[in-house]
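Undergrad: For reference, this is structure.cif, and it has mmCIF, C-alpha atoms.
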```cif
data_my_file
#
loop_
_atom_site.label_atom_id
_atom_site.label_comp_id
_atom_site.auth_asym_id
_atom_site.auth_seq_id
_atom_site.Cartn_x
_atom_site.Cartn_y
_atom_site.Cartn_z
CA MET A 684 7.47 -3.59 -14.84
CA LYS A 685 7.87 -7.28 -13.98
CA LEU A 686 7.21 -7.89 -10.28
CA SER A 687 7.31 -11.34 -8.64
CA VAL A 688 4.96 -13.39 -10.85
CA TYR A 689 2.94 -10.59 -12.42
CA PHE A 690 3.33 -7.35 -14.36
CA VAL A 691 2.54 -3.90 -12.96
CA GLY A 692 1.86 -0.82 -15.04
CA MET A 693 -0.71 1.82 -16.00
CA LEU A 694 -3.50 2.11 -18.51
CA ILE A 695 -5.04 5.59 -18.22
CA VAL A 696 -8.21 6.46 -20.17
CA HIS A 697 -9.15 10.15 -20.30
CA LYS A 698 -12.69 11.36 -20.95
CA ALA A 699 -11.08 14.43 -22.51
CA MET A 700 -7.54 15.61 -23.11
CA PRO A 701 -6.09 16.87 -19.80
CA GLN A 702 -5.37 20.58 -19.54
CA TYR A 703 -2.51 20.26 -17.04
CA PRO A 704 0.85 18.44 -16.82
CA GLN A 705 0.53 14.80 -15.72
CA HIS A 706 3.03 12.23 -14.49
CA GLY A 707 2.64 8.51 -13.87
CA LEU A 708 4.55 7.06 -10.90
CA LEU A 709 5.20 3.39 -10.16
CA LEU A 710 6.49 2.56 -6.67
CA THR A 711 7.76 -0.95 -5.91
CA ASP A 712 9.94 -2.89 -3.52
CA TRP A 713 12.76 -4.90 -5.13
CA PHE A 714 14.28 -7.99 -3.52
CA HIS A 715 16.93 -8.74 -6.21
CA VAL A 716 15.84 -12.39 -6.53
CA HIS A 717 13.29 -14.15 -8.72
CA TYR A 718 9.90 -14.99 -7.27
CA ASP A 719 10.64 -18.71 -7.57
CA THR A 720 13.61 -18.22 -5.25
CA MET A 721 11.45 -16.31 -2.75
CA ASN A 722 8.82 -19.03 -2.91
CA ILE A 723 11.29 -21.89 -2.41
CA HIS A 724 12.94 -20.16 0.56
CA SER A 725 9.67 -19.07 2.20
CA ALA A 726 9.20 -20.53 5.68
CA PHE A 727 5.45 -19.88 5.46
CA ASP A 728 4.66 -21.99 2.41
CA ARG A 729 3.42 -25.55 2.47
CA HIS A 730 6.88 -27.01 1.86
CA VAL A 731 8.39 -24.87 4.71
CA GLY A 732 11.55 -23.42 3.15
CA SER A 733 14.71 -22.22 4.86
CA GLY A 734 13.33 -18.73 5.60
CA ASP A 735 16.74 -17.13 5.04
CA LEU A 736 15.19 -14.31 2.96
CA GLN A 737 12.77 -13.49 5.78
CA SER A 738 13.24 -11.79 9.12
CA GLY A 739 12.78 -13.62 12.40
CA TYR A 740 10.99 -11.95 15.30
CA ASP A 741 14.29 -10.77 16.76
CA SER A 742 15.06 -8.78 13.58
CA ARG A 743 11.64 -8.18 12.01
CA GLU A 744 10.35 -4.60 11.67
CA PHE A 745 7.13 -3.39 13.28
CA HIS A 746 4.67 -0.49 12.88
CA VAL A 747 4.33 2.16 15.56
CA ASP A 748 1.33 0.26 16.99
CA GLY A 749 3.35 -2.97 17.30
CA SER A 750 1.88 -4.86 14.33
CA GLU A 751 4.23 -6.65 11.95
CA LEU A 752 5.51 -4.64 9.00
CA ALA A 753 6.53 -7.40 6.55
CA SER A 754 8.02 -10.86 6.56
CA PHE A 755 10.68 -10.59 3.84
CA THR A 756 13.81 -8.67 4.75
CA TYR A 757 13.97 -5.28 3.03
CA VAL A 758 16.54 -4.90 0.23
CA SER A 759 15.64 -1.87 -1.91
CA SER A 760 12.84 0.07 -3.61
CA LEU A 761 12.24 1.76 -6.96
CA ILE A 762 10.34 4.84 -8.16
CA GLY A 763 9.73 4.78 -11.89
CA GLY A 764 11.97 1.72 -12.16
CA ARG A 765 14.97 3.48 -10.60
CA GLY A 766 16.60 3.57 -7.19
CA ARG A 767 19.96 3.32 -5.47
CA TRP A 768 21.48 0.21 -3.94
CA PRO A 769 23.60 0.53 -1.98
CA GLU A 770 21.98 3.86 -1.15
CA HIS A 771 25.21 5.87 -1.07
CA LEU A 772 26.00 5.18 -4.75
CA SER A 773 24.92 7.94 -7.14
CA TYR A 774 23.01 5.92 -9.74
CA PRO A 775 20.64 8.03 -11.91
CA LEU A 776 17.17 8.41 -10.41
CA ALA A 777 13.77 8.93 -12.02
CA GLU A 778 13.23 12.62 -12.77
CA TYR A 779 9.93 14.42 -13.29
CA GLN A 780 9.79 17.79 -15.02
CA LEU A 781 7.38 20.23 -13.36
CA VAL A 782 5.78 23.36 -14.78
CA GLY A 783 6.10 26.32 -12.45
CA ASP A 784 2.87 28.16 -13.30
CA ALA A 785 0.55 25.14 -13.64
CA GLU A 786 -0.99 22.38 -11.53
CA ASN A 787 1.25 19.33 -11.69
CA HIS A 788 -0.78 16.14 -11.30
CA PHE A 789 0.59 12.71 -10.41
CA ARG A 790 -0.91 9.24 -10.55
CA LEU A 791 0.88 6.86 -8.19
CA VAL A 792 0.52 3.07 -8.34
CA CYS A 793 2.00 1.00 -5.53
CA GLY A 794 3.11 -2.26 -7.15
CA ALA A 795 5.01 -3.46 -4.08
CA SER A 796 4.64 -7.05 -2.93
CA GLU A 797 5.50 -6.58 0.78
CA TYR A 798 6.02 -3.01 1.95
CA SER A 799 3.81 0.05 2.38
CA TYR A 800 5.26 3.56 2.00
CA GLU A 801 4.84 7.10 3.26
CA VAL A 802 5.15 9.51 0.31
CA LEU A 803 6.14 13.19 0.64
CA ALA A 804 7.77 15.97 -1.41
CA ASP A 805 10.26 18.52 -0.10
CA ALA A 806 8.98 22.14 -0.12
CA HIS A 807 5.54 21.05 -1.39
CA SER A 808 2.25 20.14 0.18
CA ILE A 809 0.13 17.40 -1.37
CA THR A 810 -3.50 17.65 -2.42
CA LEU A 811 -5.11 14.23 -2.91
CA ILE A 812 -7.80 14.17 -5.60
CA ALA A 813 -8.54 10.48 -6.29
CA LEU A 814 -8.26 7.09 -4.55
CA ASP A 815 -8.12 3.91 -6.60
CA GLY A 816 -9.48 5.80 -9.62
CA HIS A 817 -12.42 7.36 -7.74
CA ASP A 818 -12.49 11.16 -7.51
CA ILE A 819 -12.64 12.58 -3.99
CA GLN A 820 -13.07 16.04 -2.54
CA PRO A 821 -9.52 17.50 -2.34
CA VAL A 822 -7.62 16.67 0.85
CA SER A 823 -4.52 18.73 1.68
CA VAL A 824 -1.80 16.85 3.58
CA ASP A 825 1.95 16.82 4.12
CA SER A 826 2.29 13.14 3.23
CA PHE A 827 0.24 10.02 2.61
CA ILE A 828 0.66 6.28 3.08
CA ILE A 829 0.09 3.92 0.18
CA ASN A 830 -0.20 0.14 0.44
CA PRO A 831 0.46 -2.58 -2.15
CA GLY A 832 -2.27 -2.60 -4.79
CA GLU A 833 -3.48 0.94 -4.10
CA THR A 834 -3.43 3.95 -6.44
CA MET A 835 -3.59 7.63 -5.50
CA ASP A 836 -3.90 10.75 -7.64
CA PHE A 837 -2.52 13.98 -6.24
CA ARG A 838 -1.20 17.38 -7.20
CA LEU A 839 1.81 19.13 -5.71
CA VAL A 840 1.43 22.63 -4.28
CA PRO A 841 4.68 24.59 -3.74
CA ASP A 842 5.17 26.02 -0.26
CA GLN A 843 4.89 29.78 0.00
CA ASN A 844 8.37 29.98 1.54
CA MET A 845 9.93 27.76 -1.14
CA ASP A 846 13.59 28.55 -1.79
CA GLU A 847 13.52 30.58 -5.01
CA GLN A 848 17.19 29.76 -5.61
CA SER A 849 16.47 26.03 -5.87
CA ASP A 850 14.73 24.40 -8.80
CA ARG A 851 15.15 20.76 -7.77
CA TYR A 852 13.50 18.90 -4.92
CA TRP A 853 13.31 15.37 -3.55
CA LEU A 854 10.22 13.20 -3.88
CA ARG A 855 10.55 10.64 -1.07
CA ALA A 856 8.92 7.29 -0.34
CA ARG A 857 9.85 5.55 2.91
CA THR A 858 8.82 2.35 4.61
CA LEU A 859 6.92 2.48 7.91
CA GLY A 860 9.28 0.68 10.29
CA ALA A 861 9.25 2.09 13.82
CA TRP A 862 11.28 -0.55 15.61
CA ARG A 863 13.05 -3.83 14.99
CA GLY A 864 12.78 -6.93 17.16
CA PHE A 865 9.94 -8.54 19.11
CA THR A 866 10.96 -7.85 22.70
CA GLU A 867 10.82 -4.47 24.41
CA GLU A 868 14.57 -4.55 25.07
CA LYS A 869 15.35 -4.72 21.35
CA GLN A 870 13.13 -1.89 20.15
CA LYS A 871 14.88 0.66 17.95
CA TRP A 872 12.83 3.59 16.72
CA ASN A 873 12.75 4.74 13.12
CA VAL A 874 14.23 1.94 11.02
CA THR A 875 12.69 3.28 7.82
CA HIS A 876 14.19 2.76 4.37
CA GLU A 877 13.88 5.47 1.74
CA VAL A 878 13.80 5.68 -2.04
CA LYS A 879 13.88 9.00 -3.90
CA ALA A 880 13.03 10.60 -7.21
CA ILE A 881 13.74 14.13 -8.46
CA LEU A 882 11.20 16.93 -8.99
CA ALA A 883 12.74 19.43 -11.39
CA TYR A 884 11.73 22.92 -12.47
CA ASP A 885 14.96 23.21 -14.51
CA ASN A 886 16.89 21.20 -17.11
CA LYS A 887 19.95 20.26 -15.02
CA THR A 888 19.53 16.56 -15.71
CA GLN A 889 20.65 14.13 -13.00
CA THR A 890 21.84 16.80 -10.59
CA ASP A 891 20.85 15.77 -7.07
CA PRO A 892 18.67 18.23 -5.13
CA THR A 893 19.90 19.73 -1.87
CA SER A 894 16.41 20.17 -0.41
CA SER A 895 15.30 18.88 2.99
CA GLU A 896 11.92 17.73 4.19
CA ARG A 897 9.68 19.81 6.39
CA ARG A 898 10.15 19.51 10.15
CA CYS A 899 7.04 18.49 12.07
CA LEU A 900 6.66 20.64 15.18
CA SER A 901 4.30 20.51 18.14
CA ASP A 902 2.61 23.73 16.97
CA GLN A 903 2.91 22.87 13.26
CA ARG A 904 2.02 19.22 13.05
CA CYS A 905 2.32 17.20 9.84
CA ARG A 906 -0.89 15.73 8.45
CA VAL A 907 -0.57 12.11 7.21
CA PHE A 908 -3.36 10.51 5.17
CA ASN A 909 -4.29 6.81 5.15
CA CYS A 910 -2.56 5.78 8.40
CA PRO A 911 -3.03 2.04 9.05
CA PHE A 912 -2.94 2.84 12.79
CA ALA A 913 -4.81 5.31 15.00
CA PHE A 914 -1.97 7.70 15.84
CA TYR A 915 1.79 8.25 15.92
CA PRO A 916 3.79 8.61 19.14
CA PRO A 917 3.48 12.20 20.48
CA GLU A 918 7.12 13.03 19.78
CA ARG A 919 6.60 12.51 16.03
CA ASN A 920 4.19 15.49 15.82
CA HIS A 921 2.08 13.73 13.20
CA THR A 922 -1.70 13.87 12.86
CA CYS A 923 -3.29 10.81 11.24
CA LEU A 924 -6.14 11.14 8.75
CA PRO A 925 -7.78 7.74 8.16
CA VAL A 926 -8.95 6.82 4.68
CA THR A 927 -12.52 7.13 5.99
CA SER A 928 -12.00 10.90 6.27
CA ALA A 929 -12.06 11.15 2.45
CA ARG A 930 -15.36 12.05 0.81
CA SER A 931 -16.53 11.25 -2.71
CA ALA A 932 -16.49 14.06 -5.22
CA TYR A 933 -19.90 12.93 -6.46
CA MET A 934 -23.11 14.19 -4.89
CA PRO A 935 -25.79 11.83 -3.56
CA GLY A 936 -27.95 10.62 -6.39
CA TRP A 937 -25.09 10.60 -8.90
CA LEU A 938 -25.05 6.79 -9.15
CA ASP A 939 -28.77 6.73 -9.87
CA ALA A 940 -28.49 9.48 -12.48
CA GLU A 941 -25.43 7.91 -14.13
CA TYR A 942 -26.24 4.20 -13.92
CA GLY A 943 -29.86 3.93 -12.85
CA LEU A 944 -29.02 2.62 -9.40
CA ASN A 945 -31.43 3.56 -6.64
CA ASP A 946 -31.74 1.98 -3.19
CA TYR A 947 -29.82 -1.09 -4.31
CA VAL A 948 -29.12 -3.86 -1.81
CA THR A 949 -25.50 -4.72 -1.08
CA GLU A 950 -24.23 -8.14 0.00
CA GLU A 951 -21.23 -7.67 2.32
CA TYR A 952 -18.38 -10.12 2.89
CA PHE A 953 -15.54 -9.76 5.39
CA LEU A 954 -12.21 -11.35 4.43
CA ASN A 955 -9.62 -11.44 7.24
CA ILE A 956 -6.19 -12.10 5.78
CA GLY A 957 -3.61 -13.58 8.14
CA PHE A 958 -1.28 -16.45 8.92
CA VAL A 959 -3.25 -18.64 11.34
CA VAL A 960 -2.29 -21.79 9.39
CA GLY A 961 0.11 -20.15 6.98
CA SER A 962 -1.26 -17.58 4.52
CA SER A 963 -5.03 -17.83 4.95
CA ILE A 964 -8.35 -16.02 4.56
CA ASN A 965 -10.79 -16.26 7.48
CA ALA A 966 -8.39 -18.81 9.04
CA VAL A 967 -8.69 -21.09 5.97
CA LYS A 968 -5.61 -22.01 3.94
CA PHE A 969 -6.70 -22.76 0.40
CA VAL A 970 -6.24 -26.29 -0.93
CA PRO A 971 -6.65 -26.28 -4.74
CA PRO A 972 -9.15 -28.74 -6.26
CA ARG A 973 -7.57 -31.75 -7.94
CA ALA A 974 -9.44 -31.13 -11.22
CA LEU A 975 -11.23 -28.32 -13.05
CA LEU A 976 -14.67 -27.70 -11.60
CA ARG A 977 -17.93 -26.80 -13.32
CA SER A 978 -20.66 -24.64 -11.84
CA GLY A 979 -22.61 -26.49 -9.15
CA GLN A 980 -19.90 -29.12 -8.83
CA PHE A 981 -18.59 -27.99 -5.43
CA ASP A 982 -20.59 -29.79 -2.74
CA GLY A 983 -19.61 -33.40 -2.24
CA ASP A 984 -17.25 -33.46 -5.20
CA ARG A 985 -14.36 -35.90 -4.72
CA HIS A 986 -11.90 -33.42 -6.24
CA VAL A 987 -12.67 -30.82 -3.55
CA LYS A 988 -11.55 -30.92 0.06
CA GLN A 989 -14.68 -29.76 1.85
CA CYS A 990 -14.47 -27.07 4.55
CA PRO A 991 -16.10 -27.54 7.97
CA ALA A 992 -18.25 -24.89 9.64
CA GLU A 993 -16.68 -21.43 9.87
CA SER A 994 -16.74 -21.58 13.67
CA VAL A 995 -14.45 -24.65 13.55
CA CYS A 996 -11.93 -22.87 11.32
CA GLN A 997 -11.98 -19.74 13.48
CA ARG A 998 -10.90 -21.81 16.49
CA ASN A 999 -8.23 -24.03 14.96
CA GLY A 1000 -7.67 -23.02 11.35
CA CYS A 1001 -8.50 -25.20 8.35
CA LEU A 1002 -6.86 -26.53 5.20
CA CYS A 1003 -9.58 -26.96 2.57
CA THR A 1004 -10.94 -25.70 -0.76
CA HIS A 1005 -12.31 -22.32 0.36
CA ILE A 1006 -15.30 -21.31 -1.78
CA LYS A 1007 -17.53 -18.26 -1.39
CA ARG A 1008 -20.84 -18.51 -3.23
CA LEU A 1009 -22.02 -15.14 -4.54
CA PRO A 1010 -25.69 -14.43 -5.30
CA TYR A 1011 -26.65 -13.61 -8.86
CA ASN A 1012 -27.36 -10.01 -9.90
CA LYS A 1013 -26.36 -8.47 -6.56
CA THR A 1014 -23.82 -5.77 -5.68
CA ILE A 1015 -21.07 -7.42 -3.63
CA GLN A 1016 -19.03 -5.36 -1.18
CA VAL A 1017 -15.82 -6.95 0.10
CA LEU A 1018 -13.91 -5.63 3.11
CA ASN A 1019 -10.35 -6.93 3.44
CA SER A 1020 -8.54 -6.65 6.77
CA SER A 1021 -5.30 -7.93 8.24
CA PRO A 1022 -5.69 -8.86 11.92
CA ALA A 1023 -2.67 -9.28 14.18
CA VAL A 1024 -1.83 -9.77 17.85
CA PRO A 1025 1.47 -7.88 18.21
CA LEU A 1026 3.17 -7.83 21.59
CA ALA A 1027 -0.04 -9.07 23.22
CA ARG A 1028 -2.02 -6.12 21.78
CA GLN A 1029 -4.86 -6.72 19.37
CA GLY A 1030 -4.61 -4.85 16.06
CA CYS A 1031 -6.50 -4.87 12.79
CA HIS A 1032 -5.42 -3.07 9.61
CA VAL A 1033 -8.23 -2.44 7.14
CA MET A 1034 -6.59 -2.56 3.71
CA TRP A 1035 -9.32 -1.66 1.22
CA GLY A 1036 -12.92 -2.29 0.26
CA ALA A 1037 -14.14 -3.09 -3.24
CA GLU A 1038 -17.39 -3.61 -5.05
#
```
Here is a file; write its structure as C-alpha cells.
TA:
Amino acid sequence: MKLSVYFVGMLIVHKAMPQYPQHGLLLTDWFHVHYDTMNIHSAFDRHVGSGDLQSGYDSREFHVDGSELASFTYVSSLIGGRGRWPEHLSYPLAEYQLVGDAENHFRLVCGASEYSYEVLADAHSITLIALDGHDIQPVSVDSFIINPGETMDFRLVPDQNMDEQSDRYWLRARTLGAWRGFTEEKQKWNVTHEVKAILAYDNKTQTDPTSSERRCLSDQRCRVFNCPFAFYPPERNHTCLPVTSARSAYMPGWLDAEYGLNDYVTEEYFLNIGFVVGSSINAVKFVPPRALLRSGQFDGDRHVKQCPAESVCQRNGCLCTHIKRLPYNKTIQVLNSSPAVPLARQGCHVMWGAE
C-alpha cells in the first residue's frame, strides 16, 4: 500500500510451513490527499504552511492523560486497504475467513502516519504472541494499542458464551481520542473514530455482522495492552498493561547459544522526539548538509551547520546538522520517546526501543 511518501506491506519468512490458519492485516490512516499537499499545508514545516489540514488547540484531540493525540485532522482509516467514508455508507470491507476448530493467527502491521489505534474483536479475547517480530510469552487481553511502525502477532480465542447463531463478528480498530479542545471547558469525552473489518466463520460474503463489543464492568474489567499512559479514568473500567509487562519467549542464555553473544556491552542512546523548534530530536531540528559527506568529514566541514553543546539545545532548541557518532562493533540500543507538556502536566510516551 502506498502511504504518504513510502510503501507499507509485509514480507513474512517462515522457518517451516505453518500448521494453522494465518492472516496478514495492514492498518492505516487515510487523509485523502497526497503527501505533497500535506507537506505544503503543514504549519510545522520550515516554510510554515496554512495549517488548514491540521487541528488547532481548540479542536485538536487529546489522550486520556492530556497529551496531544495527533496534529492532522482525522479523515478515515483502512484495514486491509478497505474502510467506509462517510462511515454510514455500506462500502465492502475487508473480510477474513476463520476456521472454527483451529487457532487463527493474525499478523498486524500499523502503517499509519499519525494515529495510534486500540484493536479488539467482538466475542473473542486476544492472545498476543509476538511484538515487532519477537516471540513473547502469551499475553491474554481484551484489546491492545498499536502505534505507527509497530507490528503485533496475535491469535483470536472465541468467548465461551459466543452466540452460536452468529458466524460473523466485527474486528474493530479505533483511535484514542478522549477529548477535543485545549481548555477544560471544551473537553468532550470519547471522540474516537472507528474502522472495521469482518471476521467470518461462514461464506455469506459482505454481509455485515450484528455483533457488539464486550462491556467493561467494574467487576469484569477489560485488559488493554500497550497503553501509552498509566491508566484510564475509573469509569472506563479498563486495566492497562504496559509493554514492559511482556516477557520474551526465549530463556536466558538463548542469545549466547544462538549467536555466541555473552555479557556483551550495550551503548544506549535516548532520542526525545518533539516539536520544540518544529519537528526535532533532542530539541534539534535537522538542517541537511549542503553536499554529500564522506566518513570523517563532519567536524569543521563548511557544508555542515555545526551543533552547539547539547545543554544549549535543551534550553533553547537548535537548527543544525544533527549527527550521532556510533562506536564500531558495539551493540547500540536506542530508546525513542515523545515528551509533552499537556495542560501544564508533564507527560512522556515511550514509543519503542530497538537494537
Undergrad: Applied to this file, what does the PyMOL selection byres ((chain A and resi 832) around 6) return in terms of residues, put as a list of chain:residue names?
TA: A:Cys793, A:Gly794, A:Pro831, A:Glu833
Undergrad: So the first atom is atom CA of A:Ala992 and the second is atom CA of A:Val967; what is the distance between them in Å, to one decimal place?
TA: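 It comes out at 10.9 Å.
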Undergrad: Applying 8 Å and all atoms listed in the file, which residues near A:Leu781 remain after dropping the ones on its own chain fewer than 6 positions away? List them as a ChimeraX atom specification.
TA: /A:704,787,882-884
Undergrad: Restrict the calculation to only C-alpha atoms, then for each residue of stretch 881-969 of chain A with any atom at most 6 Å from an atom of stretch 815-828 of chain A give the closest atom pair and their distance in Å to one decimal, rows by chain and rising residue number, as CSV.
TA:
```
residue,atom,partner,partner_atom,distance
A:Cys905,CA,A:Asp825,CA,5.7
A:Arg906,CA,A:Val824,CA,5.1
A:Val907,CA,A:Ser826,CA,5.0
A:Phe908,CA,A:Phe827,CA,4.4
A:Asn909,CA,A:Ile828,CA,5.4
A:Arg930,CA,A:Ile819,CA,5.5
A:Ser931,CA,A:Ile819,CA,4.3
A:Ala932,CA,A:Ile819,CA,4.3
```
Undergrad: Go ahead and compute the interatomic distance for atom CA of A:Ala813 and atom CA of A:Asp712, in Å to one decimal.
TA: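 Here the two named atoms are 23.0 Å from each other.
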Undergrad: Interatomic distance between atom CA of A:His986 and atom CA of A:Ser725?
TA: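 About the pair atom CA of A:His986 and atom CA of A:Ser725: they are 27.2 Å apart.
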Undergrad: Show me the residues around (10.8, 12.8, -14.0) - criterion: an atom at most 9 Å away, all atoms listed in the file counted - as JSON, numbers by chain.
TA: {"A": [706, 763, 776, 777, 778, 779, 780, 781, 880, 881, 882, 883]}
Undergrad: Compile the contact shell of A:Ser963 as a ChimeraX atom specification: residues with an atom at most 9 Å away, counting all atoms listed in the file, same-chain residues fewer than 5 positions apart removed.
TA: /A:955-958,968-969,1000-1002
Undergrad: Decode the PyMOL selection byres ((chain A and resi 919) around 12) for the given file into explicit residues and return them as JSON, numbers by chain.
TA: {"A": [747, 861, 872, 873, 898, 899, 900, 901, 902, 903, 904, 905, 906, 907, 914, 915, 916, 917, 918, 920, 921, 922, 923]}
Undergrad: List, as a list in words, every residue that the PyMOL selection byres ((chain A and resi 876) around 7) selects in the file provided.
TA: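 Checked against the file, the PyMOL selection byres ((chain A and resi 876) around 7) matches Arg857, Thr858, Val874, Thr875 and Glu877 of chain A.
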